[in-house]
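Q: Data: run_4.cif, mmCIF, C-alpha atoms.
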```cif
data_run
#
loop_
_atom_site.group_PDB
_atom_site.id
_atom_site.type_symbol
_atom_site.label_atom_id
_atom_site.label_comp_id
_atom_site.auth_asym_id
_atom_site.auth_seq_id
_atom_site.Cartn_x
_atom_site.Cartn_y
_atom_site.Cartn_z
ATOM 1 C CA MET A 1 -19.430 74.178 -36.700
ATOM 2 C CA ARG A 2 -18.532 76.812 -39.240
ATOM 3 C CA HIS A 3 -20.156 77.060 -42.678
ATOM 4 C CA VAL A 4 -18.070 78.364 -45.568
ATOM 5 C CA THR A 5 -18.793 78.558 -49.279
ATOM 6 C CA ILE A 6 -16.570 76.562 -51.600
ATOM 7 C CA ALA A 7 -15.368 79.827 -53.136
ATOM 8 C CA GLU A 8 -14.351 81.137 -49.686
ATOM 9 C CA ALA A 9 -12.680 77.825 -48.915
ATOM 10 C CA LYS A 10 -10.534 78.085 -52.045
ATOM 11 C CA GLU A 11 -9.352 81.534 -50.974
ATOM 12 C CA ASN A 12 -8.715 80.577 -47.331
ATOM 13 C CA PHE A 13 -7.734 76.925 -47.566
ATOM 14 C CA ASP A 14 -4.653 77.148 -45.299
ATOM 15 C CA ALA A 15 -6.603 78.984 -42.595
ATOM 16 C CA LEU A 16 -9.435 76.428 -42.758
ATOM 17 C CA ILE A 17 -6.982 73.539 -42.433
ATOM 18 C CA ALA A 18 -5.492 75.230 -39.352
ATOM 19 C CA LEU A 19 -8.981 75.505 -37.850
ATOM 20 C CA VAL A 20 -9.715 71.846 -38.586
ATOM 21 C CA ARG A 21 -6.413 70.798 -36.990
ATOM 22 C CA SER A 22 -7.417 72.695 -33.856
ATOM 23 C CA GLY A 23 -10.668 70.715 -33.636
ATOM 24 C CA GLU A 24 -13.102 72.909 -35.572
ATOM 25 C CA ARG A 25 -15.504 71.293 -38.025
ATOM 26 C CA ILE A 26 -16.038 73.126 -41.302
ATOM 27 C CA VAL A 27 -19.002 72.600 -43.635
ATOM 28 C CA LEU A 28 -18.463 73.630 -47.247
ATOM 29 C CA THR A 29 -21.573 74.934 -48.957
ATOM 30 C CA GLU A 30 -22.577 75.659 -52.516
ATOM 31 C CA GLY A 31 -25.751 77.473 -53.414
ATOM 32 C CA GLY A 32 -26.832 77.387 -49.768
ATOM 33 C CA GLN A 33 -26.577 73.583 -49.642
ATOM 34 C CA SER A 34 -24.136 71.707 -47.406
ATOM 35 C CA ILE A 35 -21.784 69.718 -49.625
ATOM 36 C CA VAL A 36 -18.796 68.558 -47.565
ATOM 37 C CA GLU A 37 -17.778 68.480 -43.926
ATOM 38 C CA LEU A 38 -14.101 68.878 -43.055
ATOM 39 C CA LYS A 39 -12.992 67.425 -39.729
ATOM 40 C CA ALA A 40 -9.723 66.206 -38.294
ATOM 41 C CA MET A 41 -8.858 62.535 -38.459
ATOM 42 C CA PRO A 42 -8.833 60.757 -35.104
ATOM 43 C CA ALA A 43 -5.422 60.286 -33.529
ATOM 44 C CA PRO A 44 -3.874 56.942 -34.412
ATOM 45 C CA ARG A 45 -4.286 54.316 -31.726
ATOM 46 C CA GLN A 46 -1.144 53.428 -29.845
ATOM 47 C CA PRO A 47 -0.244 49.738 -29.671
ATOM 48 C CA VAL A 48 -0.808 48.122 -26.291
ATOM 49 C CA ASP A 49 2.190 46.549 -24.583
ATOM 50 C CA ILE A 50 0.554 43.339 -23.343
ATOM 51 C CA GLU A 51 3.700 42.114 -21.606
ATOM 52 C CA ALA A 52 3.976 45.354 -19.595
ATOM 53 C CA LEU A 53 0.317 45.062 -18.590
ATOM 54 C CA GLN A 54 0.846 41.471 -17.496
ATOM 55 C CA ARG A 55 3.876 42.514 -15.403
ATOM 56 C CA ASP A 56 1.880 45.329 -13.793
ATOM 57 C CA LEU A 57 -0.978 42.945 -13.014
ATOM 58 C CA ALA A 58 1.418 40.413 -11.488
ATOM 59 C CA GLU A 59 2.948 43.170 -9.290
ATOM 60 C CA LEU A 60 -0.513 44.296 -8.222
ATOM 61 C CA ARG A 61 -1.552 40.758 -7.328
ATOM 62 C CA ALA A 62 1.671 40.225 -5.365
ATOM 63 C CA SER A 63 1.099 43.441 -3.397
ATOM 64 C CA MET A 64 -2.414 42.355 -2.403
ATOM 65 C CA THR A 65 -1.453 39.431 -0.186
ATOM 66 C CA GLY A 66 -3.403 39.340 3.048
ATOM 67 C CA ILE A 67 -6.490 41.022 1.581
ATOM 68 C CA THR A 68 -9.639 38.918 1.702
ATOM 69 C CA LEU A 69 -12.177 38.802 -1.087
ATOM 70 C CA GLU A 70 -14.731 40.398 1.235
ATOM 71 C CA GLU A 71 -12.369 43.334 1.930
ATOM 72 C CA LEU A 72 -11.697 43.740 -1.763
ATOM 73 C CA MET A 73 -15.428 43.802 -2.533
ATOM 74 C CA ASN A 74 -15.973 46.373 0.235
ATOM 75 C CA TYR A 75 -13.247 48.610 -1.273
ATOM 76 C CA ARG A 76 -14.881 48.262 -4.682
ATOM 77 C CA HIS A 77 -18.244 49.426 -3.364
ATOM 78 C CA GLU A 78 -16.871 52.109 -1.047
ATOM 79 C CA GLY A 79 -18.823 55.326 -1.507
ATOM 80 C CA HIS A 80 -21.608 53.663 -3.527
ATOM 81 C CA ASN A 81 -25.182 53.711 -2.325
ATOM 82 C CA ARG A 82 -26.374 50.143 -2.275
#
```
As structure tokens, please, write out the structure in this file.

A:
Amino acid sequence: MRHVTIAEAKENFDALIALVRSGERIVLTEGGQSIVELKAMPAPRQPVDIEALQRDLAELRASMTGITLEELMNYRHEGHNR
């Protein structure tokens, strides 16, 4: 986290915005006191295609014929210390 005075921020605003866009957090200070924190906004969430997920799940279920519940549970716990 970088600390910058408000006066410095006014002079270097474009450079600070570039730093924030790259993931840096900037704290603006005045008189040695932290006043504002600049940070990038989180990326917008992408909508979920429920129908595509349902199709994928149906394909997965269809491909699992012949597998017993016990086998499935063993696969799930494979590599775990029980």

Q: What residues come out when you apply the PyMOL selection byres ((chain A and resi 39) around 12) to this file, written as a list in words?

A: Met1, Arg2, Leu16, Ile17, Ala18, Leu19, Val20, Arg21, Ser22, Gly23, Glu24, Arg25, Ile26, Val27, Leu28, Val36, Glu37, Leu38, Ala40, Met41 and Pro42 of chain A

Q: In Å to one decimal, how far is CA of Glu70 (chain A) from CA of Ile50 (chain A)?

A: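 Atom-to-atom, CA of Ile50 (chain A) and CA of Glu70 (chain A) are spaced 29.1 Å apart.
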
Q: Taking only C-alpha atoms into account, name the residue in A:Thr68, A:Gln54, A:Gln33, A:Asn74 that is nearest to His3 (chain A).

A: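 Once distances to His3 (chain A) are computed over only C-alpha atoms, the minimum belongs to A:Gln33.
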
Q: Separation of CA of Gly32 (chain A) and CA of Phe13 (chain A), in Å?

A: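 CA of Phe13 (chain A) lies at a distance of 19.2 Å from CA of Gly32 (chain A).
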
Q: Work out how far CA of Met64 (chain A) is from CA of His77 (chain A), in Å to one decimal.

A: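 CA of Met64 (chain A) lies at a distance of 17.4 Å from CA of His77 (chain A).
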
Q: Once the PyMOL selection byres ((chain A and resi 5) around 7) has been evaluated on this model, what residues remain selected, and can you format them as a VMD selection string?

A: chain A and resid 3 to 4 6 to 9 28 to 30

Q: Model the absent atoms of region 50-79 of chain A so that N, CA and C atoms are present, and write the result as a PDB file, in the coordinates of the input.

A:
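Okay, this is what ended up in rebuild_23.pdb:
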```
ATOM      1  N   ILE A  50       1.198  44.378 -24.148  1.00  0.00           N
ATOM      2  CA  ILE A  50       0.554  43.339 -23.343  1.00  0.00           C
ATOM      3  C   ILE A  50       1.492  42.825 -22.260  1.00  0.00           C
ATOM      4  N   GLU A  51       2.749  42.637 -22.595  1.00  0.00           N
ATOM      5  CA  GLU A  51       3.700  42.114 -21.606  1.00  0.00           C
ATOM      6  C   GLU A  51       3.848  43.065 -20.425  1.00  0.00           C
ATOM      7  N   ALA A  52       3.882  44.370 -20.683  1.00  0.00           N
ATOM      8  CA  ALA A  52       3.976  45.354 -19.595  1.00  0.00           C
ATOM      9  C   ALA A  52       2.717  45.313 -18.732  1.00  0.00           C
ATOM     10  N   LEU A  53       1.562  45.164 -19.353  1.00  0.00           N
ATOM     11  CA  LEU A  53       0.317  45.062 -18.590  1.00  0.00           C
ATOM     12  C   LEU A  53       0.303  43.805 -17.719  1.00  0.00           C
ATOM     13  N   GLN A  54       0.794  42.712 -18.273  1.00  0.00           N
ATOM     14  CA  GLN A  54       0.846  41.471 -17.496  1.00  0.00           C
ATOM     15  C   GLN A  54       1.799  41.612 -16.306  1.00  0.00           C
ATOM     16  N   ARG A  55       2.941  42.285 -16.512  1.00  0.00           N
ATOM     17  CA  ARG A  55       3.876  42.514 -15.403  1.00  0.00           C
ATOM     18  C   ARG A  55       3.230  43.383 -14.332  1.00  0.00           C
ATOM     19  N   ASP A  56       2.553  44.444 -14.751  1.00  0.00           N
ATOM     20  CA  ASP A  56       1.880  45.329 -13.793  1.00  0.00           C
ATOM     21  C   ASP A  56       0.817  44.570 -13.001  1.00  0.00           C
ATOM     22  N   LEU A  57       0.062  43.724 -13.685  1.00  0.00           N
ATOM     23  CA  LEU A  57      -0.978  42.945 -13.014  1.00  0.00           C
ATOM     24  C   LEU A  57      -0.353  41.973 -12.014  1.00  0.00           C
ATOM     25  N   ALA A  58       0.746  41.336 -12.402  1.00  0.00           N
ATOM     26  CA  ALA A  58       1.418  40.413 -11.488  1.00  0.00           C
ATOM     27  C   ALA A  58       1.918  41.154 -10.251  1.00  0.00           C
ATOM     28  N   GLU A  59       2.483  42.360 -10.429  1.00  0.00           N
ATOM     29  CA  GLU A  59       2.948  43.170  -9.290  1.00  0.00           C
ATOM     30  C   GLU A  59       1.782  43.552  -8.385  1.00  0.00           C
ATOM     31  N   LEU A  60       0.669  43.928  -8.996  1.00  0.00           N
ATOM     32  CA  LEU A  60      -0.513  44.296  -8.222  1.00  0.00           C
ATOM     33  C   LEU A  60      -1.007  43.113  -7.402  1.00  0.00           C
ATOM     34  N   ARG A  61      -1.097  41.962  -8.044  1.00  0.00           N
ATOM     35  CA  ARG A  61      -1.552  40.758  -7.328  1.00  0.00           C
ATOM     36  C   ARG A  61      -0.617  40.413  -6.175  1.00  0.00           C
ATOM     37  N   ALA A  62       0.697  40.540  -6.406  1.00  0.00           N
ATOM     38  CA  ALA A  62       1.671  40.225  -5.365  1.00  0.00           C
ATOM     39  C   ALA A  62       1.550  41.192  -4.185  1.00  0.00           C
ATOM     40  N   SER A  63       1.199  42.445  -4.467  1.00  0.00           N
ATOM     41  CA  SER A  63       1.099  43.441  -3.397  1.00  0.00           C
ATOM     42  C   SER A  63      -0.196  43.300  -2.596  1.00  0.00           C
ATOM     43  N   MET A  64      -1.109  42.475  -3.050  1.00  0.00           N
ATOM     44  CA  MET A  64      -2.414  42.355  -2.403  1.00  0.00           C
ATOM     45  C   MET A  64      -2.509  41.153  -1.474  1.00  0.00           C
ATOM     46  N   THR A  65      -1.394  40.576  -1.096  1.00  0.00           N
ATOM     47  CA  THR A  65      -1.453  39.431  -0.186  1.00  0.00           C
ATOM     48  C   THR A  65      -2.020  39.878   1.149  1.00  0.00           C
ATOM     49  N   GLY A  66      -2.814  39.020   1.754  1.00  0.00           N
ATOM     50  CA  GLY A  66      -3.403  39.340   3.048  1.00  0.00           C
ATOM     51  C   GLY A  66      -4.737  40.056   2.955  1.00  0.00           C
ATOM     52  N   ILE A  67      -5.194  40.370   1.748  1.00  0.00           N
ATOM     53  CA  ILE A  67      -6.490  41.022   1.581  1.00  0.00           C
ATOM     54  C   ILE A  67      -7.511  39.943   1.228  1.00  0.00           C
ATOM     55  N   THR A  68      -8.596  39.911   1.975  1.00  0.00           N
ATOM     56  CA  THR A  68      -9.639  38.918   1.702  1.00  0.00           C
ATOM     57  C   THR A  68     -10.536  39.399   0.567  1.00  0.00           C
ATOM     58  N   LEU A  69     -11.238  38.469  -0.023  1.00  0.00           N
ATOM     59  CA  LEU A  69     -12.177  38.802  -1.087  1.00  0.00           C
ATOM     60  C   LEU A  69     -13.248  39.753  -0.566  1.00  0.00           C
ATOM     61  N   GLU A  70     -13.705  39.524   0.647  1.00  0.00           N
ATOM     62  CA  GLU A  70     -14.731  40.398   1.235  1.00  0.00           C
ATOM     63  C   GLU A  70     -14.201  41.836   1.363  1.00  0.00           C
ATOM     64  N   GLU A  71     -12.960  41.992   1.817  1.00  0.00           N
ATOM     65  CA  GLU A  71     -12.369  43.334   1.930  1.00  0.00           C
ATOM     66  C   GLU A  71     -12.255  43.993   0.566  1.00  0.00           C
ATOM     67  N   LEU A  72     -11.831  43.223  -0.407  1.00  0.00           N
ATOM     68  CA  LEU A  72     -11.697  43.740  -1.763  1.00  0.00           C
ATOM     69  C   LEU A  72     -13.048  44.211  -2.293  1.00  0.00           C
ATOM     70  N   MET A  73     -14.090  43.426  -2.077  1.00  0.00           N
ATOM     71  CA  MET A  73     -15.428  43.802  -2.533  1.00  0.00           C
ATOM     72  C   MET A  73     -15.916  45.051  -1.806  1.00  0.00           C
ATOM     73  N   ASN A  74     -15.593  45.175  -0.518  1.00  0.00           N
ATOM     74  CA  ASN A  74     -15.973  46.373   0.235  1.00  0.00           C
ATOM     75  C   ASN A  74     -15.272  47.612  -0.317  1.00  0.00           C
ATOM     76  N   TYR A  75     -13.986  47.484  -0.677  1.00  0.00           N
ATOM     77  CA  TYR A  75     -13.247  48.610  -1.273  1.00  0.00           C
ATOM     78  C   TYR A  75     -13.886  49.012  -2.602  1.00  0.00           C
ATOM     79  N   ARG A  76     -14.291  47.999  -3.362  1.00  0.00           N
ATOM     80  CA  ARG A  76     -14.881  48.262  -4.682  1.00  0.00           C
ATOM     81  C   ARG A  76     -16.169  49.054  -4.558  1.00  0.00           C
ATOM     82  N   HIS A  77     -16.939  48.770  -3.528  1.00  0.00           N
ATOM     83  CA  HIS A  77     -18.244  49.426  -3.364  1.00  0.00           C
ATOM     84  C   HIS A  77     -18.198  50.634  -2.445  1.00  0.00           C
ATOM     85  N   GLU A  78     -17.000  50.974  -1.978  1.00  0.00           N
ATOM     86  CA  GLU A  78     -16.871  52.109  -1.047  1.00  0.00           C
ATOM     87  C   GLU A  78     -17.401  53.394  -1.692  1.00  0.00           C
ATOM     88  N   GLY A  79     -18.266  54.083  -1.004  1.00  0.00           N
ATOM     89  CA  GLY A  79     -18.823  55.326  -1.507  1.00  0.00           C
ATOM     90  C   GLY A  79     -20.056  55.154  -2.390  1.00  0.00           C
TER      91      GLY A  79
END
```
